Amino acid sequence: MSIRHLDALFEPRSVAVIGASDRAGSVGATVWRNVQAGGLAGPCWPVNRRHRQVGGVRAYPDVASLPETPDLAIVCTPPDTVAGLLDDLGRRGTHAAVLLTAGFTPAQKQVLLDTAGRHLLRILGPNCLGTMAPHAGLNATFAHVAAAPGSLAFVSQSGALVTAVLDWARGRGIGFSHCISLGEHADIDFGDLLDWLGSDARTRAILLYIESIEGARKFMSAARAAARNKPVLVVKAGRSAAGQAAAASHTGALAGSDLVFDAAIRRAGMLRVDTLQDLFGAAETLSRAGALRRMAGEAAPLSRLTLVTNGGGAGVMAADAAAAAGLELAPLTDALRDALGAGLPPNWSRANPVDIIGDAPVTRYVHTLRTLLSSPDSGTVLFMQAPTAIVPSEDIARAVAPLAQDAAGRLLGCWLGDAAVREARRIFHDAGIPSFDTPEAAVRAFSMLVDYRRNQEDLMQTPVAAVVPAADMAAVSTLVDDVLADGREWLTEPEAKALLAACGLPVAGTRTVPPEPAAALAAAREIGYPVVLKVLSPQITHKSDVGGVALDIQDDAALLGAAAAILRRAAHLRPDATVTGFTVQAMVRRPRALELILGAGIDPLFGPVLLFGQGGTAVEVVADRAVALPPLNRPLALSLMRRTRVFRLLQGWRDVPPADVEAVAGVLIALSELLAAEPRIAEIDINPLLADADGVIALDARVRVQAAAPGGRAHFAIRPYPASLEERFEALGRTVTLRPIRPEDEPQHLAFLAKLEPQDVRMRVFYSRRSIEHSELARLTQIDYEREMAFLATAPLADGGEETLGVARAIADPDNQDAEFAIIVRSDIKGGGLGRRLMDKLIAYCRGRGTRRLVGTVLARNERMLALAARLGFETLPRDDADEAVTVALTLQPPA
């Protein structure tokens with residue numbers, strides 16, 4: 001990932017248009033006209049080897065003749081000229097180029113990348129519309145309309161959609177900080193732009209239109225970082241199930257599916273919308289300041305909706321839309337009902353929707369909204385008004401708009417009609433209140449924001465330590481070795497169950513016998529009836545498809561008949577299969593248990609994925625399933641489960657008690673750990689997993705392994721906890737553990753900060769604080785190991801827990817050139833050598849990751865830290881405020 005030189009692309013001081021032209025209708029003429037009209041403060045030069053002037057401005061025949069080196073070049077010349085032009089630009093020192101040209105062959109594109117790479121010249125495109133940065137006066141596109149200045153960034157792989165969005169936005173008064181067409185994204189991609197825009201102060205929200213991405217870990221790391229700072233909305237095109245039919249198991253059919261991309265978006269804390277219309281609706285809402293405050297999702301009641309209307313029809317339509325979206329209407333408490341009734345006529349609805357009757361004067365609207373917005377129990381309020389002759393809609397808007405100032409974005413508007421409510425909509429727009437044309441559109445937008453808040457909770461949640469069953473990974477590894485040595489990929493059913501058992505998962509005991517009815521009979525007698533009989537064949541992975549499963553066999557005669565029938569059906573339906581035997585197991589009787597499917601597979605882009613849903617033989621027909629990216633912990637496992645319908649059944653109904661949901665989550669976590677530890681596992685399919693109040697048990701399982709090792713933590717789209725970095729040593733009379741920080745460390749980290757003296761806090765963060773918000777603690781403990789590291793020094797407590805003694809942290813820039821470090825040791829144990837040990841660990845880690853330099857800012861009065869930095873080899877860099885603070889730096893890599 002790299003944001004190097006992107007400032008030259010988005011905030012250039014000078015621009016050259018190569019291929020600028022006067023020919024009407026040409027790309028060169030359109031681009032040059034747009035560049036001139038953009039209002040860039042610096043110089044703009046046309047380059048045309050045939051003409052001395054373009055549009056009345058002196059033209060230059062080539063790059064070498066330009067009076068200065070341009071920060072940015074816009075290239076609109078034929079494909080065979082571009083590589084040479086990039087080399088000329090690189091030699092001049094240009095840092096960025098927009099390639100509007102299309103029609104490059106793969107070989108030509110590689111030459112472009114090689115040429116640009118030699119000069120560290122960044123490429124946007126090729127085959128793109130270009131880029132706009134209205135605040136910088138830059139319009140480096142051939143679009144028909146310019147973007148208005150604003151706070152939304154729009155990034156699209158489709159240039160046509162950029163122009164459509166610009167048209168749509170102009171009519172709605174929405175402006176942009178950036179409009180970027182990626183084109184074929186040969187160099188600059190979504191990951192780079194998310195890194196740049198995520199830290200861009202002018203951008204409040206990022207909108208993405210995605211057709212494809214490459215580099216899942218880079219994309220996920222950048223997306224998670226950006227989504228922590230601001231809302232990121234995504235439209236993903238190309239929904240398709242093509243290729244799934246070739247998969248050999250239910251979980252394998254998920255490879256490359258749209259479900260996996262959806263899971264990635266959720267895990268990154270972004271919001272996915274289905275259509276451009278939804279994107280526009282969400283953008284309309286996001287462009288209002290109040291909605292952005294609400295999207296922080298600080299209070300759960302905000303996900304409830306209270307409907308206010310002056311006519312019953314609109315309330316019914318909104319209620320229907322809310323029910324279809326799975327949204328909860330906030331019930332009116334007795335106190336709230338009484339407070340509303342004090343200013344409403346006797347025939348008001350006395351329920352949600354709150355119908356204040358069509359003859360309502362302005363004072364009735366004000367009373368209702370003020371009462372609801374003063375009570376957190378009402379959640380978010382959707383105010384709907386149909387125009388009447390009683391009072392103009394604009395008078396109502398002027399009276400109620402001020403109520404939104406102190407409502408933390410809890411007010412949405414819906415003005416029904418057209419000309420009669422146009423001024424009311426404008427008043428709400430100017431007040432920063434999201435406003436919609438129909439009740440359904442308002443509810444849909446609110447539903448998307450609720451989904452966004454839930455995704456943010458997954459991103460920022462604080463999990464507790466998960467209790468994962470102890471896994472015998474040596475046994476797992478040996479089993480996989482044996483299967484691969486036998487020339488197979490699919491484990492037999494007994495082998496698959498043995499693998500699960502080695503991971504500490506409860507499985508139904510199974511015996512394997514030769515493919516002879518007499519052998520199956522003997523096993524059944526030893527186990528005791530009733531039993532289950534299944535066919536055993538390496539070619540038959542879905543046994544029920546060939547009638548290869550017989551349940552609830554009660555006696556010898558039934559057993560012999562079932563065995564013969566299974567052999568006949570297998571020979572008829574799968575003559576290519578070799579039946580190697582039967583499996584016999586006791587019939588598990590748990591009549592109130594639910595059948596679940598849990599599994600894992602390898603997505604070609606995002607790597608290992610996990611599945612949860614309703615199981616049984618009709619799993620494809622029911623299609624109640626959800627997927628998630630590992631690694632999982634308890635909150636993320638529960639979040640995955642909640643996205644299915646069967647999860648509601650797990651809560652119990654009528655006389656059926658709730659199932660042991662924690663046990664189901666434990667299986668998901670165990671599978672996540674297994675995928676990380678054994679990279680040769682390609683697919684796992686546990687179906688069914690029975691779950692009831694007594695726990696879980698796996699009745700059947702399929703597992704596929706591959707010698708190519710397509711899984712493992714190295715292929716996770718999100719880098720998992722790096723347990724290999726843990727180490728222990730004796731210090732301060734105790735056993736001290738140095739390890740990376742984990743999300744579940746938040747309570748422990750809070751206790752650590754509470755034990756710091758104010759002076760030590762000031763030395764570390766340059767000001768004194770006695771409290772810290774949960775959101776900030778989450779950012780400190782739930783880090784992205786791909787670009788950040790925090791090492792804790794911990795020691796055990798008498799009660800079995802542990803306490804934090806110190807922490808050293810480094811955050812690398814996206815180019816991994818510099819990493820900023822910070823360190824703090826608990827006030828009562830300073831001077832014991834722990835700070836040196838933490839810094840040695842951090843320096844070694846950053847050096848191993850290829851970070852070029854470690855830098856830090858130290859208060860000039862912090863003599864202890866400055867002395868430690870000197871001993872470690874840091875040099876002091878000059879600063880304007882050197883009397884207040886000192887910058888220290890340590891070079892970690894030899895000169896290139």
# chains A, B, ... in the order shown; residues from 1 in each chain; ligands from 1
>>> residues_around(residues="region 592-598 of chain A", least_positions_apart="2", cutoff="6 Å", atoms="only C-alpha atoms", output="PyMOL selection string")
chain A and resi 590+611-616+686-692
>>> write_last_selection(atoms="all heavy atoms", output="compact mmCIF listing (two decimals), in the first residue's frame")
# COMPACT_ATOMS: atom_id res chain seq x y z
N ARG A 590 -32.07 -36.14 20.19
CA ARG A 590 -32.20 -34.83 20.84
C ARG A 590 -33.34 -34.12 20.12
O ARG A 590 -33.13 -33.29 19.23
CB ARG A 590 -30.89 -34.06 20.77
CG ARG A 590 -29.79 -34.77 21.58
CD ARG A 590 -28.41 -34.20 21.39
NE ARG A 590 -28.20 -32.96 22.09
CZ ARG A 590 -26.99 -32.48 22.39
NH1 ARG A 590 -25.89 -33.18 22.07
NH2 ARG A 590 -26.85 -31.32 22.99
N LEU A 611 -18.58 -20.11 7.70
CA LEU A 611 -20.01 -20.13 7.40
C LEU A 611 -20.80 -20.60 8.60
O LEU A 611 -20.36 -21.47 9.35
CB LEU A 611 -20.29 -21.04 6.21
CG LEU A 611 -21.78 -21.35 5.93
CD1 LEU A 611 -22.05 -21.28 4.43
CD2 LEU A 611 -22.17 -22.72 6.46
N PHE A 612 -22.00 -20.01 8.76
CA PHE A 612 -22.95 -20.46 9.77
C PHE A 612 -24.34 -20.35 9.18
O PHE A 612 -24.65 -19.39 8.46
CB PHE A 612 -22.87 -19.60 11.04
CG PHE A 612 -24.00 -19.87 12.01
CD1 PHE A 612 -23.91 -20.94 12.89
CD2 PHE A 612 -25.14 -19.09 12.01
CE1 PHE A 612 -24.96 -21.21 13.76
CE2 PHE A 612 -26.19 -19.35 12.87
CZ PHE A 612 -26.09 -20.42 13.76
N GLY A 613 -25.20 -21.32 9.49
CA GLY A 613 -26.57 -21.23 9.00
C GLY A 613 -27.40 -22.42 9.44
O GLY A 613 -26.97 -23.24 10.26
N GLN A 614 -28.60 -22.49 8.89
CA GLN A 614 -29.49 -23.61 9.18
C GLN A 614 -29.06 -24.81 8.34
O GLN A 614 -28.88 -24.70 7.13
CB GLN A 614 -30.94 -23.23 8.86
CG GLN A 614 -31.95 -24.30 9.24
CD GLN A 614 -33.38 -23.82 9.17
OE1 GLN A 614 -33.63 -22.62 9.14
NE2 GLN A 614 -34.32 -24.75 9.16
N GLY A 615 -28.90 -25.96 8.99
CA GLY A 615 -28.37 -27.13 8.32
C GLY A 615 -29.44 -28.13 7.95
O GLY A 615 -30.63 -27.82 7.87
N GLY A 616 -29.01 -29.37 7.72
CA GLY A 616 -29.90 -30.42 7.28
C GLY A 616 -29.77 -30.68 5.80
O GLY A 616 -28.97 -30.05 5.10
N ILE A 686 -19.52 -29.07 8.49
CA ILE A 686 -20.15 -29.80 9.59
C ILE A 686 -21.65 -29.65 9.41
O ILE A 686 -22.22 -28.58 9.62
CB ILE A 686 -19.73 -29.23 10.96
CG1 ILE A 686 -18.22 -29.20 11.10
CG2 ILE A 686 -20.35 -30.05 12.09
CD1 ILE A 686 -17.74 -28.51 12.36
N ASN A 687 -22.31 -30.73 9.02
CA ASN A 687 -23.74 -30.68 8.75
C ASN A 687 -24.34 -32.08 8.90
O ASN A 687 -24.02 -32.97 8.13
CB ASN A 687 -24.00 -30.17 7.34
CG ASN A 687 -25.47 -30.01 7.04
OD1 ASN A 687 -26.30 -29.86 7.94
ND2 ASN A 687 -25.82 -30.08 5.76
N PRO A 688 -25.18 -32.27 9.94
CA PRO A 688 -25.63 -31.23 10.87
C PRO A 688 -24.80 -31.17 12.14
O PRO A 688 -24.22 -32.16 12.57
CB PRO A 688 -27.05 -31.68 11.19
CG PRO A 688 -26.96 -33.19 11.16
CD PRO A 688 -25.97 -33.52 10.09
N LEU A 689 -24.79 -29.98 12.72
CA LEU A 689 -24.36 -29.79 14.10
C LEU A 689 -25.63 -29.58 14.91
O LEU A 689 -26.35 -28.61 14.67
CB LEU A 689 -23.44 -28.58 14.23
CG LEU A 689 -22.96 -28.28 15.66
CD1 LEU A 689 -21.78 -29.17 16.02
CD2 LEU A 689 -22.60 -26.81 15.84
N LEU A 690 -25.93 -30.51 15.80
CA LEU A 690 -27.12 -30.37 16.62
C LEU A 690 -26.84 -29.41 17.77
O LEU A 690 -25.79 -29.49 18.41
CB LEU A 690 -27.56 -31.73 17.18
CG LEU A 690 -28.03 -32.78 16.17
CD1 LEU A 690 -28.61 -33.99 16.91
CD2 LEU A 690 -29.07 -32.21 15.21
N ALA A 691 -27.78 -28.51 18.02
CA ALA A 691 -27.64 -27.53 19.10
C ALA A 691 -28.94 -27.46 19.88
O ALA A 691 -30.01 -27.28 19.30
CB ALA A 691 -27.29 -26.15 18.55
N ASP A 692 -28.84 -27.63 21.19
CA ASP A 692 -29.99 -27.46 22.07
C ASP A 692 -29.50 -26.94 23.41
O ASP A 692 -28.34 -26.50 23.53
CB ASP A 692 -30.78 -28.76 22.21
CG ASP A 692 -29.95 -29.92 22.75
OD1 ASP A 692 -28.85 -29.66 23.32
OD2 ASP A 692 -30.37 -31.08 22.62
>>> closest_atom_pairs(of="region 342-401 of chain A", to="region 314-321 of chain A", cutoff="9 Å", atoms="only C-alpha atoms", output="tab-separated table")
residue	atom	partner	partner_atom	distance
A:Asn352	CA	A:Gly315	CA	8.6
A:Pro353	CA	A:Gly315	CA	5.6
A:Val354	CA	A:Gly315	CA	7.8
A:Asp355	CA	A:Gly315	CA	7.4
A:Leu382	CA	A:Ala318	CA	9.0
A:Met384	CA	A:Ala314	CA	7.1
A:Gln385	CA	A:Ala314	CA	8.3
A:Ala386	CA	A:Ala314	CA	8.3
>>> write_last_selection(atoms="N, CA, C and O atoms", output="compact mmCIF listing (two decimals), in the first residue's frame")
# COMPACT_ATOMS: atom_id res chain seq x y z
N ASN A 352 -47.41 4.62 18.52
CA ASN A 352 -46.42 4.86 17.47
C ASN A 352 -46.84 4.04 16.25
O ASN A 352 -46.92 2.81 16.36
N PRO A 353 -47.18 4.69 15.12
CA PRO A 353 -46.98 6.07 14.71
C PRO A 353 -47.83 7.07 15.50
O PRO A 353 -48.98 6.81 15.83
N VAL A 354 -47.22 8.25 15.73
CA VAL A 354 -47.89 9.33 16.45
C VAL A 354 -48.61 10.20 15.42
O VAL A 354 -47.97 10.97 14.69
N ASP A 355 -49.91 10.03 15.33
CA ASP A 355 -50.73 10.79 14.38
C ASP A 355 -51.31 11.99 15.11
O ASP A 355 -52.15 11.85 15.99
N LEU A 382 -38.78 10.10 12.86
CA LEU A 382 -39.07 10.39 11.46
C LEU A 382 -40.34 11.24 11.40
O LEU A 382 -41.43 10.77 11.72
N MET A 384 -43.08 13.22 9.33
CA MET A 384 -43.71 13.22 8.01
C MET A 384 -44.85 14.24 7.99
O MET A 384 -45.68 14.28 8.90
N GLN A 385 -44.91 15.04 6.92
CA GLN A 385 -45.95 16.06 6.82
C GLN A 385 -46.47 16.13 5.40
O GLN A 385 -45.72 16.25 4.44
N ALA A 386 -47.79 15.99 5.29
CA ALA A 386 -48.47 16.20 4.01
C ALA A 386 -49.05 17.62 4.02
O ALA A 386 -49.63 18.05 5.02
>>> atom_distance(atom1="CA of Lys236 (chain A)", atom2="CA of Ala324 (chain A)")
22.8 Å
>>> residues_around(residues="Ile783 (chain A)", least_positions_apart="4", cutoff="10 Å", atoms="only C-alpha atoms", output="PyMOL selection string")
chain A and resi 224-225+460+721+740-743+778-779+787-790+811
>>> write_last_selection(atoms="N, CA and C atoms", output="compact mmCIF listing (two decimals), in the first residue's frame")
# COMPACT_ATOMS: atom_id res chain seq x y z
N ARG A 224 -10.33 -0.74 6.88
CA ARG A 224 -10.57 -0.70 8.31
C ARG A 224 -10.02 0.59 8.92
N ALA A 225 -8.86 1.02 8.42
CA ALA A 225 -8.29 2.27 8.92
C ALA A 225 -9.16 3.46 8.55
N MET A 460 -15.37 -1.91 16.21
CA MET A 460 -14.88 -1.28 17.42
C MET A 460 -15.22 -2.05 18.70
N TYR A 721 -4.00 -12.34 15.31
CA TYR A 721 -3.10 -12.10 16.43
C TYR A 721 -1.80 -12.89 16.24
N PRO A 740 1.96 -9.01 21.87
CA PRO A 740 1.15 -7.99 21.21
C PRO A 740 -0.15 -7.75 21.98
N ILE A 741 -0.66 -6.56 21.88
CA ILE A 741 -1.92 -6.22 22.53
C ILE A 741 -3.06 -6.95 21.84
N ARG A 742 -4.13 -7.26 22.60
CA ARG A 742 -5.31 -7.93 22.05
C ARG A 742 -6.54 -7.08 22.33
N PRO A 743 -7.61 -7.26 21.55
CA PRO A 743 -8.83 -6.47 21.78
C PRO A 743 -9.39 -6.64 23.18
N ALA A 778 -10.79 1.49 22.57
CA ALA A 778 -10.94 0.47 21.53
C ALA A 778 -9.89 0.67 20.44
N ARG A 779 -9.64 1.91 20.08
CA ARG A 779 -8.61 2.17 19.06
C ARG A 779 -7.22 1.76 19.55
N ARG A 787 -0.40 -2.91 10.05
CA ARG A 787 0.27 -1.60 9.95
C ARG A 787 0.59 -0.99 11.31
N GLU A 788 0.27 -1.67 12.37
CA GLU A 788 0.49 -1.12 13.71
C GLU A 788 0.88 -2.25 14.65
N MET A 789 1.68 -1.92 15.67
CA MET A 789 2.00 -2.92 16.69
C MET A 789 2.09 -2.23 18.04
N ALA A 790 1.56 -2.91 19.04
CA ALA A 790 1.69 -2.46 20.42
C ALA A 790 2.09 -3.67 21.25
N ILE A 811 3.24 2.94 14.94
CA ILE A 811 2.26 3.02 13.86
C ILE A 811 3.01 3.44 12.61
>>> select_by_dssp(residues="region 156-387 of chain A", states="strand (DSSP E or B)", output="PyMOL selection string")
chain A and resi 156+176-181+205-210+232-236+271-273+304-309+328-329+354-355+380-385
>>> residues_around(residues="Leu369 (chain A)", least_positions_apart="4", cutoff="9 Å", atoms="only C-alpha atoms", output="ChimeraX atom specification")
/A:308,364-365,373-374,381,383,400,403,411
>>> write_last_selection(atoms="C-alpha atoms", output="mmCIF file, in the first residue's frame")
data_model
loop_
_atom_site.group_PDB
_atom_site.id
_atom_site.type_symbol
_atom_site.label_atom_id
_atom_site.label_comp_id
_atom_site.auth_asym_id
_atom_site.auth_seq_id
_atom_site.Cartn_x
_atom_site.Cartn_y
_atom_site.Cartn_z
ATOM 1 C CA VAL A 308 -44.769 11.334 13.546
ATOM 2 C CA ARG A 364 -48.829 21.092 17.817
ATOM 3 C CA TYR A 365 -45.889 20.082 15.617
ATOM 4 C CA LEU A 373 -36.634 14.559 21.065
ATOM 5 C CA SER A 374 -36.282 15.297 24.799
ATOM 6 C CA VAL A 381 -37.790 10.485 15.031
ATOM 7 C CA PHE A 383 -41.278 13.456 10.943
ATOM 8 C CA VAL A 400 -39.318 22.745 14.078
ATOM 9 C CA LEU A 403 -35.287 21.613 17.552
ATOM 10 C CA LEU A 411 -34.498 13.927 13.433
#
>>> decode(residues="region 55-76 of chain A", atoms="N, CA, C and O atoms", output="PDB file, in the first residue's frame")
ATOM      1  N   GLY A  55      -5.844  26.703 -27.583  1.00  0.00           N
ATOM      2  CA  GLY A  55      -6.797  27.548 -26.880  1.00  0.00           C
ATOM      3  C   GLY A  55      -6.246  28.911 -26.545  1.00  0.00           C
ATOM      4  O   GLY A  55      -6.602  29.503 -25.509  1.00  0.00           O
ATOM      5  N   GLY A  56      -5.368  29.421 -27.398  1.00  0.00           N
ATOM      6  CA  GLY A  56      -4.790  30.729 -27.172  1.00  0.00           C
ATOM      7  C   GLY A  56      -3.647  30.747 -26.189  1.00  0.00           C
ATOM      8  O   GLY A  56      -3.125  31.824 -25.856  1.00  0.00           O
ATOM      9  N   VAL A  57      -3.214  29.588 -25.707  1.00  0.00           N
ATOM     10  CA  VAL A  57      -2.121  29.486 -24.737  1.00  0.00           C
ATOM     11  C   VAL A  57      -0.927  28.830 -25.418  1.00  0.00           C
ATOM     12  O   VAL A  57      -1.082  27.875 -26.198  1.00  0.00           O
ATOM     13  N   ARG A  58       0.260  29.322 -25.124  1.00  0.00           N
ATOM     14  CA  ARG A  58       1.461  28.761 -25.729  1.00  0.00           C
ATOM     15  C   ARG A  58       1.558  27.268 -25.431  1.00  0.00           C
ATOM     16  O   ARG A  58       1.397  26.834 -24.288  1.00  0.00           O
ATOM     17  N   ALA A  59       1.787  26.460 -26.471  1.00  0.00           N
ATOM     18  CA  ALA A  59       1.942  25.014 -26.323  1.00  0.00           C
ATOM     19  C   ALA A  59       3.421  24.649 -26.458  1.00  0.00           C
ATOM     20  O   ALA A  59       4.205  25.356 -27.104  1.00  0.00           O
ATOM     21  N   TYR A  60       3.782  23.530 -25.864  1.00  0.00           N
ATOM     22  CA  TYR A  60       5.163  23.055 -25.873  1.00  0.00           C
ATOM     23  C   TYR A  60       5.226  21.728 -26.613  1.00  0.00           C
ATOM     24  O   TYR A  60       4.326  20.889 -26.483  1.00  0.00           O
ATOM     25  N   PRO A  61       6.260  21.525 -27.401  1.00  0.00           N
ATOM     26  CA  PRO A  61       6.297  20.325 -28.259  1.00  0.00           C
ATOM     27  C   PRO A  61       6.549  19.026 -27.505  1.00  0.00           C
ATOM     28  O   PRO A  61       6.178  17.964 -27.983  1.00  0.00           O
ATOM     29  N   ASP A  62       7.171  19.114 -26.339  1.00  0.00           N
ATOM     30  CA  ASP A  62       7.474  17.886 -25.606  1.00  0.00           C
ATOM     31  C   ASP A  62       7.682  18.216 -24.140  1.00  0.00           C
ATOM     32  O   ASP A  62       7.671  19.389 -23.720  1.00  0.00           O
ATOM     33  N   VAL A  63       7.881  17.176 -23.335  1.00  0.00           N
ATOM     34  CA  VAL A  63       8.042  17.346 -21.892  1.00  0.00           C
ATOM     35  C   VAL A  63       9.322  18.115 -21.574  1.00  0.00           C
ATOM     36  O   VAL A  63       9.349  18.975 -20.674  1.00  0.00           O
ATOM     37  N   ALA A  64      10.353  17.841 -22.316  1.00  0.00           N
ATOM     38  CA  ALA A  64      11.644  18.463 -22.028  1.00  0.00           C
ATOM     39  C   ALA A  64      11.605  19.977 -22.181  1.00  0.00           C
ATOM     40  O   ALA A  64      12.374  20.696 -21.526  1.00  0.00           O
ATOM     41  N   SER A  65      10.731  20.496 -23.042  1.00  0.00           N
ATOM     42  CA  SER A  65      10.706  21.937 -23.302  1.00  0.00           C
ATOM     43  C   SER A  65       9.822  22.705 -22.332  1.00  0.00           C
ATOM     44  O   SER A  65       9.754  23.934 -22.430  1.00  0.00           O
ATOM     45  N   LEU A  66       9.140  22.037 -21.404  1.00  0.00           N
ATOM     46  CA  LEU A  66       8.298  22.739 -20.437  1.00  0.00           C
ATOM     47  C   LEU A  66       9.150  23.668 -19.575  1.00  0.00           C
ATOM     48  O   LEU A  66      10.288  23.316 -19.208  1.00  0.00           O
ATOM     49  N   PRO A  67       8.620  24.831 -19.215  1.00  0.00           N
ATOM     50  CA  PRO A  67       9.433  25.788 -18.444  1.00  0.00           C
ATOM     51  C   PRO A  67       9.749  25.300 -17.028  1.00  0.00           C
ATOM     52  O   PRO A  67      10.756  25.713 -16.451  1.00  0.00           O
ATOM     53  N   GLU A  68       8.873  24.462 -16.455  1.00  0.00           N
ATOM     54  CA  GLU A  68       9.099  23.911 -15.125  1.00  0.00           C
ATOM     55  C   GLU A  68       8.664  22.444 -15.118  1.00  0.00           C
ATOM     56  O   GLU A  68       7.976  21.981 -16.031  1.00  0.00           O
ATOM     57  N   THR A  69       9.068  21.742 -14.104  1.00  0.00           N
ATOM     58  CA  THR A  69       8.625  20.359 -13.950  1.00  0.00           C
ATOM     59  C   THR A  69       7.195  20.351 -13.417  1.00  0.00           C
ATOM     60  O   THR A  69       6.931  20.909 -12.341  1.00  0.00           O
ATOM     61  N   PRO A  70       6.255  19.746 -14.131  1.00  0.00           N
ATOM     62  CA  PRO A  70       4.880  19.710 -13.626  1.00  0.00           C
ATOM     63  C   PRO A  70       4.740  18.691 -12.500  1.00  0.00           C
ATOM     64  O   PRO A  70       5.315  17.602 -12.554  1.00  0.00           O
ATOM     65  N   ASP A  71       3.961  19.057 -11.488  1.00  0.00           N
ATOM     66  CA  ASP A  71       3.630  18.076 -10.457  1.00  0.00           C
ATOM     67  C   ASP A  71       2.813  16.938 -11.037  1.00  0.00           C
ATOM     68  O   ASP A  71       3.016  15.765 -10.701  1.00  0.00           O
ATOM     69  N   LEU A  72       1.853  17.300 -11.906  1.00  0.00           N
ATOM     70  CA  LEU A  72       0.903  16.332 -12.452  1.00  0.00           C
ATOM     71  C   LEU A  72       0.871  16.455 -13.966  1.00  0.00           C
ATOM     72  O   LEU A  72       0.851  17.560 -14.498  1.00  0.00           O
ATOM     73  N   ALA A  73       0.860  15.293 -14.633  1.00  0.00           N
ATOM     74  CA  ALA A  73       0.688  15.260 -16.082  1.00  0.00           C
ATOM     75  C   ALA A  73      -0.589  14.500 -16.407  1.00  0.00           C
ATOM     76  O   ALA A  73      -0.874  13.455 -15.808  1.00  0.00           O
ATOM     77  N   ILE A  74      -1.377  15.033 -17.344  1.00  0.00           N
ATOM     78  CA  ILE A  74      -2.578  14.362 -17.835  1.00  0.00           C
ATOM     79  C   ILE A  74      -2.278  13.929 -19.258  1.00  0.00           C
ATOM     80  O   ILE A  74      -1.992  14.760 -20.122  1.00  0.00           O
ATOM     81  N   VAL A  75      -2.345  12.613 -19.490  1.00  0.00           N
ATOM     82  CA  VAL A  75      -1.898  12.062 -20.770  1.00  0.00           C
ATOM     83  C   VAL A  75      -3.102  11.561 -21.547  1.00  0.00           C
ATOM     84  O   VAL A  75      -3.855  10.700 -21.071  1.00  0.00           O
ATOM     85  N   CYS A  76      -3.295  12.105 -22.757  1.00  0.00           N
ATOM     86  CA  CYS A  76      -4.384  11.659 -23.630  1.00  0.00           C
ATOM     87  C   CYS A  76      -3.852  11.496 -25.053  1.00  0.00           C
ATOM     88  O   CYS A  76      -4.331  12.146 -25.983  1.00  0.00           O
TER      89      CYS A  76
END
